[in-house]
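Data from protein00.pdb: PDB, C-alpha atoms and all ligand atoms
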ATOM      1  CA  MET A   1     145.786 132.295  57.554  1.00  0.00           C
ATOM      2  CA  LEU A   2     142.734 130.617  56.274  1.00  0.00           C
ATOM      3  CA  THR A   3     143.506 127.539  58.391  1.00  0.00           C
ATOM      4  CA  ASP A   4     143.202 129.637  61.602  1.00  0.00           C
ATOM      5  CA  THR A   5     139.839 131.032  60.633  1.00  0.00           C
ATOM      6  CA  PRO A   6     136.864 128.778  61.372  1.00  0.00           C
ATOM      7  CA  THR A   7     135.077 127.856  58.204  1.00  0.00           C
ATOM      8  CA  LEU A   8     131.417 128.687  57.795  1.00  0.00           C
ATOM      9  CA  GLY A   9     130.593 125.036  58.232  1.00  0.00           C
ATOM     10  CA  ARG A  10     132.477 124.894  61.532  1.00  0.00           C
ATOM     11  CA  ILE A  11     130.700 128.045  62.779  1.00  0.00           C
ATOM     12  CA  ILE A  12     127.302 126.538  61.986  1.00  0.00           C
ATOM     13  CA  GLU A  13     128.341 123.316  63.738  1.00  0.00           C
ATOM     14  CA  ILE A  14     129.386 125.182  66.908  1.00  0.00           C
ATOM     15  CA  MET A  15     126.247 127.296  66.838  1.00  0.00           C
ATOM     16  CA  SER A  16     123.960 124.349  66.399  1.00  0.00           C
ATOM     17  CA  LYS A  17     125.680 122.442  69.256  1.00  0.00           C
ATOM     18  CA  THR A  18     125.260 125.472  71.483  1.00  0.00           C
ATOM     19  CA  SER A  19     121.638 125.958  70.560  1.00  0.00           C
ATOM     20  CA  ARG A  20     120.942 122.262  71.068  1.00  0.00           C
ATOM     21  CA  ARG A  21     122.355 122.564  74.579  1.00  0.00           C
ATOM     22  CA  VAL A  22     120.230 125.655  75.182  1.00  0.00           C
ATOM     23  CA  VAL A  23     117.132 123.869  73.899  1.00  0.00           C
ATOM     24  CA  PHE A  24     117.800 120.839  76.139  1.00  0.00           C
ATOM     25  CA  GLY A  25     118.443 123.141  79.096  1.00  0.00           C
ATOM     26  CA  VAL A  26     115.196 125.018  78.557  1.00  0.00           C
ATOM     27  CA  LEU A  27     113.253 121.765  78.100  1.00  0.00           C
ATOM     28  CA  LEU A  28     114.700 120.399  81.355  1.00  0.00           C
ATOM     29  CA  ILE A  29     113.733 123.531  83.267  1.00  0.00           C
ATOM     30  CA  VAL A  30     110.220 123.506  81.788  1.00  0.00           C
ATOM     31  CA  THR A  31     109.785 119.829  82.722  1.00  0.00           C
ATOM     32  CA  LEU A  32     110.941 120.433  86.286  1.00  0.00           C
ATOM     33  CA  VAL A  33     108.676 123.452  86.713  1.00  0.00           C
ATOM     34  CA  VAL A  34     105.655 121.621  85.303  1.00  0.00           C
ATOM     35  CA  SER A  35     106.221 118.544  87.540  1.00  0.00           C
ATOM     36  CA  ALA A  36     106.740 120.659  90.638  1.00  0.00           C
ATOM     37  CA  GLY A  37     103.591 122.630  89.850  1.00  0.00           C
ATOM     38  CA  GLY A  38     101.651 119.419  89.237  1.00  0.00           C
ATOM     39  CA  ALA A  39     102.831 117.922  92.510  1.00  0.00           C
ATOM     40  CA  LEU A  40     101.961 121.062  94.434  1.00  0.00           C
ATOM     41  CA  GLY A  41      98.555 121.261  92.778  1.00  0.00           C
ATOM     42  CA  TYR A  42      97.890 117.631  93.620  1.00  0.00           C
ATOM     43  CA  LEU A  43      98.861 118.141  97.247  1.00  0.00           C
ATOM     44  CA  GLY A  44      96.792 121.298  97.263  1.00  0.00           C
ATOM     45  CA  ARG A  45      93.717 119.410  96.096  1.00  0.00           C
ATOM     46  CA  LEU A  46      94.206 116.698  98.720  1.00  0.00           C
ATOM     47  CA  THR A  47      94.483 119.355 101.382  1.00  0.00           C
ATOM     48  CA  LEU A  48      91.232 120.903 100.179  1.00  0.00           C
ATOM     49  CA  VAL A  49      89.400 117.584 100.432  1.00  0.00           C
ATOM     50  CA  PHE A  50      90.732 117.071 103.961  1.00  0.00           C
ATOM     51  CA  ASP A  51      89.712 120.626 104.805  1.00  0.00           C
ATOM     52  CA  ARG A  52      86.141 120.098 103.692  1.00  0.00           C
ATOM     53  CA  HIS A  53      85.671 116.727 105.407  1.00  0.00           C
ATOM     54  CA  PRO A  54      88.146 116.364 108.249  1.00  0.00           C
ATOM     55  CA  GLY A  55      89.528 112.824 108.366  1.00  0.00           C
ATOM     56  CA  LYS A  56      87.334 111.663 105.485  1.00  0.00           C
ATOM     57  CA  PRO A  57      89.165 111.922 102.185  1.00  0.00           C
ATOM     58  CA  LEU A  58      86.555 109.743 100.444  1.00  0.00           C
ATOM     59  CA  ALA A  59      83.526 111.560 101.803  1.00  0.00           C
ATOM     60  CA  ILE A  60      82.650 112.581  98.249  1.00  0.00           C
ATOM     61  CA  LEU A  61      81.183 109.100  97.659  1.00  0.00           C
ATOM     62  CA  GLU A  62      78.525 109.818 100.241  1.00  0.00           C
ATOM     63  CA  GLU A  63      77.432 112.912  98.339  1.00  0.00           C
ATOM     64  CA  VAL A  64      76.871 110.963  95.101  1.00  0.00           C
ATOM     65  CA  PRO A  65      73.104 110.660  94.583  1.00  0.00           C
ATOM     66  CA  GLY A  66      71.374 107.602  93.232  1.00  0.00           C
ATOM     67  CA  PRO A  67      68.465 107.793  90.806  1.00  0.00           C
ATOM     68  CA  PRO A  68      65.468 109.279  92.662  1.00  0.00           C
ATOM     69  CA  ASP A  69      63.166 107.201  90.485  1.00  0.00           C
ATOM     70  CA  GLY A  70      63.253 104.661  87.704  1.00  0.00           C
ATOM     71  CA  PRO A  71      61.192 102.500  85.367  1.00  0.00           C
ATOM     72  CA  LYS A  72      58.756 100.030  86.889  1.00  0.00           C
ATOM     73  CA  CYS A  73      60.019  96.518  87.577  1.00  0.00           C
ATOM     74  CA  PRO A  74      58.840  94.556  84.501  1.00  0.00           C
ATOM     75  CA  ILE A  75      57.747  91.535  86.550  1.00  0.00           C
ATOM     76  CA  ASP A  76      56.082  93.402  89.437  1.00  0.00           C
ATOM     77  CA  ALA A  77      54.833  96.950  88.896  1.00  0.00           C
ATOM     78  CA  ARG A  78      54.693  97.668  92.637  1.00  0.00           C
ATOM     79  CA  TYR A  79      58.474  98.068  92.508  1.00  0.00           C
ATOM     80  CA  LEU A  80      61.076 100.012  90.559  1.00  0.00           C
ATOM     81  CA  ASP A  81      64.005  98.822  88.536  1.00  0.00           C
ATOM     82  CA  GLU A  82      66.445 101.690  88.969  1.00  0.00           C
ATOM     83  CA  ALA A  83      69.687 102.160  87.091  1.00  0.00           C
ATOM     84  CA  PRO A  84      72.564 101.078  89.361  1.00  0.00           C
ATOM     85  CA  ASP A  85      74.165 104.536  89.109  1.00  0.00           C
ATOM     86  CA  GLY A  86      76.346 105.724  91.970  1.00  0.00           C
ATOM     87  CA  LEU A  87      77.202 102.313  93.423  1.00  0.00           C
ATOM     88  CA  ARG A  88      80.861 101.903  94.370  1.00  0.00           C
ATOM     89  CA  PRO A  89      82.662 100.641  91.227  1.00  0.00           C
ATOM     90  CA  ASP A  90      83.440  97.146  92.597  1.00  0.00           C
ATOM     91  CA  VAL A  91      79.869  96.877  93.886  1.00  0.00           C
ATOM     92  CA  LEU A  92      78.484  97.888  90.500  1.00  0.00           C
ATOM     93  CA  GLN A  93      80.573  95.174  88.849  1.00  0.00           C
ATOM     94  CA  ALA A  94      79.360  92.627  91.418  1.00  0.00           C
ATOM     95  CA  TRP A  95      75.746  93.731  90.896  1.00  0.00           C
ATOM     96  CA  LYS A  96      76.042  93.158  87.150  1.00  0.00           C
ATOM     97  CA  LEU A  97      77.466  89.682  87.738  1.00  0.00           C
ATOM     98  CA  LEU A  98      74.682  88.833  90.201  1.00  0.00           C
ATOM     99  CA  ARG A  99      72.003  89.994  87.811  1.00  0.00           C
ATOM    100  CA  ALA A 100      73.552  88.040  84.928  1.00  0.00           C
ATOM    101  CA  LYS A 101      73.793  84.875  87.016  1.00  0.00           C
ATOM    102  CA  ALA A 102      70.143  85.207  88.070  1.00  0.00           C
ATOM    103  CA  SER A 103      69.088  85.832  84.496  1.00  0.00           C
ATOM    104  CA  GLU A 104      70.918  82.679  83.368  1.00  0.00           C
ATOM    105  CA  GLN A 105      68.683  80.767  85.771  1.00  0.00           C
ATOM    106  CA  GLY A 106      65.519  82.523  84.598  1.00  0.00           C
ATOM    107  CA  VAL A 107      65.272  84.891  87.580  1.00  0.00           C
ATOM    108  CA  GLN A 108      64.874  88.621  87.063  1.00  0.00           C
ATOM    109  CA  LEU A 109      66.219  90.938  89.761  1.00  0.00           C
ATOM    110  CA  CYS A 110      64.778  94.442  90.093  1.00  0.00           C
ATOM    111  CA  LEU A 111      66.798  97.153  91.777  1.00  0.00           C
ATOM    112  CA  ASN A 112      64.063  98.785  93.816  1.00  0.00           C
ATOM    113  CA  ASP A 113      66.625 101.030  95.513  1.00  0.00           C
ATOM    114  CA  GLY A 114      70.394 101.247  95.354  1.00  0.00           C
ATOM    115  CA  LYS A 115      72.608 104.230  95.883  1.00  0.00           C
ATOM    116  CA  ARG A 116      71.433 107.153  97.965  1.00  0.00           C
ATOM    117  CA  SER A 117      73.291 110.315  98.786  1.00  0.00           C
ATOM    118  CA  ARG A 118      73.489 111.620 102.319  1.00  0.00           C
ATOM    119  CA  GLN A 119      70.807 114.167 101.349  1.00  0.00           C
ATOM    120  CA  GLN A 120      68.510 111.479  99.924  1.00  0.00           C
ATOM    121  CA  GLN A 121      68.834 109.428 103.116  1.00  0.00           C
ATOM    122  CA  GLN A 122      68.170 112.534 105.219  1.00  0.00           C
ATOM    123  CA  LYS A 123      65.049 113.234 103.128  1.00  0.00           C
ATOM    124  CA  GLU A 124      63.776 109.703 103.808  1.00  0.00           C
ATOM    125  CA  PHE A 125      64.329 110.271 107.506  1.00  0.00           C
ATOM    126  CA  ASP A 126      62.555 113.642 107.441  1.00  0.00           C
ATOM    127  CA  GLU A 127      59.589 112.038 105.656  1.00  0.00           C
ATOM    128  CA  ALA A 128      59.518 109.281 108.263  1.00  0.00           C
ATOM    129  CA  VAL A 129      59.461 111.883 111.038  1.00  0.00           C
ATOM    130  CA  GLU A 130      56.440 113.470 109.376  1.00  0.00           C
ATOM    131  CA  LYS A 131      54.762 110.095 108.967  1.00  0.00           C
ATOM    132  CA  PHE A 132      55.445 108.735 112.478  1.00  0.00           C
ATOM    133  CA  GLY A 133      55.348 111.974 114.421  1.00  0.00           C
ATOM    134  CA  THR A 134      58.638 111.840 116.311  1.00  0.00           C
ATOM    135  CA  GLU A 135      62.320 111.448 115.477  1.00  0.00           C
ATOM    136  CA  GLU A 136      62.536 108.597 117.941  1.00  0.00           C
ATOM    137  CA  LEU A 137      59.862 106.601 116.131  1.00  0.00           C
ATOM    138  CA  ALA A 138      61.231 107.537 112.691  1.00  0.00           C
ATOM    139  CA  SER A 139      64.702 106.299 113.620  1.00  0.00           C
ATOM    140  CA  LYS A 140      63.233 102.821 114.131  1.00  0.00           C
ATOM    141  CA  TYR A 141      62.468 102.679 110.424  1.00  0.00           C
ATOM    142  CA  VAL A 142      65.062 104.879 108.736  1.00  0.00           C
ATOM    143  CA  LEU A 143      68.735 105.073 109.650  1.00  0.00           C
ATOM    144  CA  ASN A 144      69.907 108.327 111.130  1.00  0.00           C
ATOM    145  CA  PRO A 145      72.411 109.938 110.919  1.00  0.00           C
ATOM    146  CA  PRO A 146      72.443 109.190 107.179  1.00  0.00           C
ATOM    147  CA  ASP A 147      76.131 108.181 107.067  1.00  0.00           C
ATOM    148  CA  ARG A 148      75.248 104.934 108.820  1.00  0.00           C
ATOM    149  CA  SER A 149      73.316 103.654 105.808  1.00  0.00           C
ATOM    150  CA  MET A 150      75.093 101.181 103.550  1.00  0.00           C
ATOM    151  CA  HIS A 151      73.038 102.686 100.706  1.00  0.00           C
ATOM    152  CA  VAL A 152      74.817 105.997 101.291  1.00  0.00           C
ATOM    153  CA  ILE A 153      78.209 104.280 101.225  1.00  0.00           C
ATOM    154  CA  GLY A 154      77.134 102.643  97.933  1.00  0.00           C
ATOM    155  CA  LEU A 155      77.339  98.956  98.761  1.00  0.00           C
ATOM    156  CA  ALA A 156      73.710  98.033  99.429  1.00  0.00           C
ATOM    157  CA  VAL A 157      70.841  97.154  97.103  1.00  0.00           C
ATOM    158  CA  ASP A 158      67.159  96.513  97.762  1.00  0.00           C
ATOM    159  CA  ILE A 159      66.046  93.693  95.495  1.00  0.00           C
ATOM    160  CA  GLN A 160      62.423  93.026  94.580  1.00  0.00           C
ATOM    161  CA  PRO A 161      60.120  91.235  94.155  1.00  0.00           C
ATOM    162  CA  ILE A 162      60.587  89.047  97.225  1.00  0.00           C
ATOM    163  CA  GLU A 163      60.771  85.855  95.120  1.00  0.00           C
ATOM    164  CA  SER A 164      63.830  87.318  93.395  1.00  0.00           C
ATOM    165  CA  ALA A 165      65.313  88.417  96.732  1.00  0.00           C
ATOM    166  CA  LYS A 166      64.897  84.851  97.973  1.00  0.00           C
ATOM    167  CA  TRP A 167      66.944  83.610  95.022  1.00  0.00           C
ATOM    168  CA  VAL A 168      69.713  86.043  95.952  1.00  0.00           C
ATOM    169  CA  GLU A 169      69.623  84.942  99.580  1.00  0.00           C
ATOM    170  CA  LYS A 170      70.201  81.368  98.408  1.00  0.00           C
ATOM    171  CA  ASN A 171      72.684  81.997  95.591  1.00  0.00           C
ATOM    172  CA  GLY A 172      74.227  85.435  96.108  1.00  0.00           C
ATOM    173  CA  SER A 173      76.960  84.734  98.657  1.00  0.00           C
ATOM    174  CA  THR A 174      79.324  83.090  96.151  1.00  0.00           C
ATOM    175  CA  LEU A 175      79.359  86.479  94.385  1.00  0.00           C
ATOM    176  CA  GLY A 176      79.751  88.439  97.643  1.00  0.00           C
ATOM    177  CA  TRP A 177      76.082  89.373  98.217  1.00  0.00           C
ATOM    178  CA  CYS A 178      74.437  88.690 101.571  1.00  0.00           C
ATOM    179  CA  ARG A 179      71.162  89.506 103.253  1.00  0.00           C
ATOM    180  CA  ARG A 180      71.969  91.271 106.549  1.00  0.00           C
ATOM    181  CA  TYR A 181      68.735  91.986 108.431  1.00  0.00           C
ATOM    182  CA  GLU A 182      65.923  89.829 109.707  1.00  0.00           C
ATOM    183  CA  ASN A 183      63.365  92.563 109.034  1.00  0.00           C
ATOM    184  CA  GLU A 184      64.556  93.371 105.491  1.00  0.00           C
ATOM    185  CA  GLN A 185      64.277  90.384 103.202  1.00  0.00           C
ATOM    186  CA  TRP A 186      65.052  92.607 100.235  1.00  0.00           C
ATOM    187  CA  HIS A 187      68.204  94.331 101.512  1.00  0.00           C
ATOM    188  CA  PHE A 188      71.576  92.929 100.417  1.00  0.00           C
ATOM    189  CA  GLU A 189      75.095  94.172 101.000  1.00  0.00           C
ATOM    190  CA  TYR A 190      78.208  93.431  99.007  1.00  0.00           C
ATOM    191  CA  ASN A 191      81.496  92.392 100.533  1.00  0.00           C
ATOM    192  CA  ALA A 192      84.112  90.494  98.519  1.00  0.00           C
ATOM    193  CA  GLY A 193      84.947  88.543 101.689  1.00  0.00           C
ATOM    194  CA  TYR A 194      81.465  86.977 101.780  1.00  0.00           C
ATOM    195  CA  SER A 195      82.292  84.989  98.631  1.00  0.00           C
ATOM    196  CA  THR A 196      84.945  82.997 100.490  1.00  0.00           C
ATOM    197  CA  GLY A 197      83.870  83.292 104.132  1.00  0.00           C
ATOM    198  CA  GLY A 198      80.099  82.991 103.615  1.00  0.00           C
ATOM    199  CA  CYS A 199      77.429  85.285 105.009  1.00  0.00           C
ATOM    200  CA  PRO A 200      77.521  86.630 108.558  1.00  0.00           C
ATOM    201  CA  ALA A 201      74.576  85.869 110.866  1.00  0.00           C
ATOM    202  CA  LEU A 202      71.504  88.060 110.321  1.00  0.00           C
ATOM    203  CA  VAL A 203      70.996  90.911 112.756  1.00  0.00           C
ATOM    204  CA  PRO A 204      67.451  91.977 113.768  1.00  0.00           C
ATOM    205  CA  SER A 205      67.450  95.273 111.843  1.00  0.00           C
ATOM    206  CA  ALA A 206      69.608  98.042 110.392  1.00  0.00           C
ATOM    207  CA  THR A 207      68.367 100.475 112.992  1.00  0.00           C
ATOM    208  CA  GLY A 208      69.002  98.109 115.899  1.00  0.00           C
ATOM    209  CA  SER A 209      65.347  98.313 116.961  1.00  0.00           C
TER     210      SER A 209
HETATM  211 ZN    ZN O 301      68.212  98.579 101.868  1.00  0.00          ZN
END

As structure tokens, please, write out the structure in this file.
Ligand SMILES: [Zn+2]
Amino acid sequence: MLTDTPTLGRIIEIMSKTSRRVVFGVLLIVTLVVSAGGALGYLGRLTLVFDRHPGKPLAILEEVPGPPDGPKCPIDARYLDEAPDGLRPDVLQAWKLLRAKASEQGVQLCLNDGKRSRQQQQKEFDEAVEKFGTEELASKYVLNPPDRSMHVIGLAVDIQPIESAKWVEKNGSTLGWCRRYENEQWHFEYNAGYSTGGCPALVPSATGS
């Protein structure tokens, strides 16, 4: 009779097997629900970005402001030496390398202007309109619409003083930095391809005027 009755130990064993199965089952369901929710949330966020800026999932970069001001350039007080905040991450890395290489050769580079947000570029344009009187004249000096500026995209730097810019023009291309415009000796743009292919020919100006 006793042999047909499960012992206490056997009952505990069966119960613990059952509860282990239940625990695993619950864990599996929780994991699936959390992953599905995560995936939906992720997709939902992507959709929101597309909704705000149709066709431009990375438009956020253009809203990132650069420093509006900065300390004076230690070797020429007419210029600033801004923090390189807001530059695209690969450009920031390349800027640090360029500055270190210059420093090794006794040349100090000042970042007179780097990253600008779309709003900062628009403000520069508005100020130029006030200064020159018309939008047509202003657009000869400041890019408009603001999205066209490589500063807004985060891959351009204005380097001063001119002696330092000249050093970059001579030595920067191996690190991907090239001067782009005949009328802007201080303006350099980063492109990893420049380090192997060399700099493209200068164009007259950023504004095409
Ligand atoms: Zn520039």

Could you check the closest approach to ligand ZN 301 (chain O) for each of A:Ile60, A:Leu92, A:Leu80, A:Leu143 and tell me which residue wins, using all atoms listed in the file? A:Leu143

Coordinates of box centre and edge lengths for stretch 171-174 of chain A, 3 Å on every side, axis-aligned, as AutoDock Vina command-line options:
--center_x 76.0 --center_y 83.7 --center_z 97.1 --size_x 12.6 --size_y 9.4 --size_z 9.1

Residues returned when the PyMOL selection byres (((not hetatm)) within 8 of (chain O and resi 301)) runs on this file, as JSON, numbers by chain: {"A": [113, 114, 150, 151, 156, 157, 158, 184, 186, 187, 188]}

Those same residues, written as a short mmCIF file (atom, residue, chain, number, x, y, z; two decimals), keeping the file's coordinate frame with C-alpha atoms?
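Once written, again.cif looks like this:
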data_model
loop_
_atom_site.label_atom_id
_atom_site.label_comp_id
_atom_site.auth_asym_id
_atom_site.auth_seq_id
_atom_site.Cartn_x
_atom_site.Cartn_y
_atom_site.Cartn_z
CA ASP A 113 66.62 101.03 95.51
CA GLY A 114 70.39 101.25 95.35
CA MET A 150 75.09 101.18 103.55
CA HIS A 151 73.04 102.69 100.71
CA ALA A 156 73.71 98.03 99.43
CA VAL A 157 70.84 97.15 97.10
CA ASP A 158 67.16 96.51 97.76
CA GLU A 184 64.56 93.37 105.49
CA TRP A 186 65.05 92.61 100.24
CA HIS A 187 68.20 94.33 101.51
CA PHE A 188 71.58 92.93 100.42
#

Can you measure atom CA of A:Glu169 to atom CA of A:Arg116 for me? One decimal in Å is fine.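 Taking atom CA of A:Glu169 and atom CA of A:Arg116, their separation equals 22.3 Å.
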
Selection: 7 Å around A:Cys110, only C-alpha atoms, excl. self and same-chain fewer than 4 positions, as a list in words: Cys73, Leu80, Asp81, Ile159, Gln160 and Pro161 of chain A

Please evaluate the PyMOL selection byres (((chain A and resi 84) around 10) and not hetatm) against the displayed coordinates and give the resulting residues as a list of chain:residue names. A:Gly66, A:Pro67, A:Asp81, A:Glu82, A:Ala83, A:Asp85, A:Gly86, A:Leu87, A:Arg88, A:Val91, A:Leu92, A:Gln93, A:Trp95, A:Lys96, A:Leu111, A:Asn112, A:Asp113, A:Gly114, A:Lys115, A:Gly154, A:Val157

Distance query stretch 97-108 of chain A at most 10 Å, all atoms listed in the file, self and fewer than 5 positions along chain excluded, as a list in words: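 Non-adjacent residues within range: Cys73, Pro74, Ile75, Val91, Leu92, Ile159, Gln160, Pro161, Glu163, Ser164, Ala165, Trp167, Val168, Asn171, Gly172, Ser173, Thr174, Leu175, Gly176 and Trp177 of chain A.
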
Between atom CA of A:Thr207 and atom CA of A:Leu155, what distance in Å does the model show, to one decimal? 16.9 Å

Using all atoms listed in the file, which protein or nucleic acid residues come within 9 Å of A:Asn183? Drop anything in the same chain fewer than 3 positions from it, and give the result as a list in words.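 What passes the distance filter is Trp186, Val203, Pro204, Ser205 and Ala206 of chain A.
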
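Picked out by the PyMOL selection byres (((chain A and resi 140) around 6) and not hetatm) when it runs on this file: Leu137, Ala138, Ser139, Tyr141, Thr207 and Ser209 of chain A.
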
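Atom CA of A:Leu202 is found 5.2 Å from atom CA of A:Tyr181.
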
For A:Glu189, the closest of A:Ile162, A:Asp126, A:Ala94, A:Gln121 counting only C-alpha atoms is A:Ala94

A:Pro146 environment, 9 Å, all atoms listed in the file, sequence neighbours closer than 3 positions dropped, as a ChimeraX atom specification: /A:117-122,125,142-143,149,152
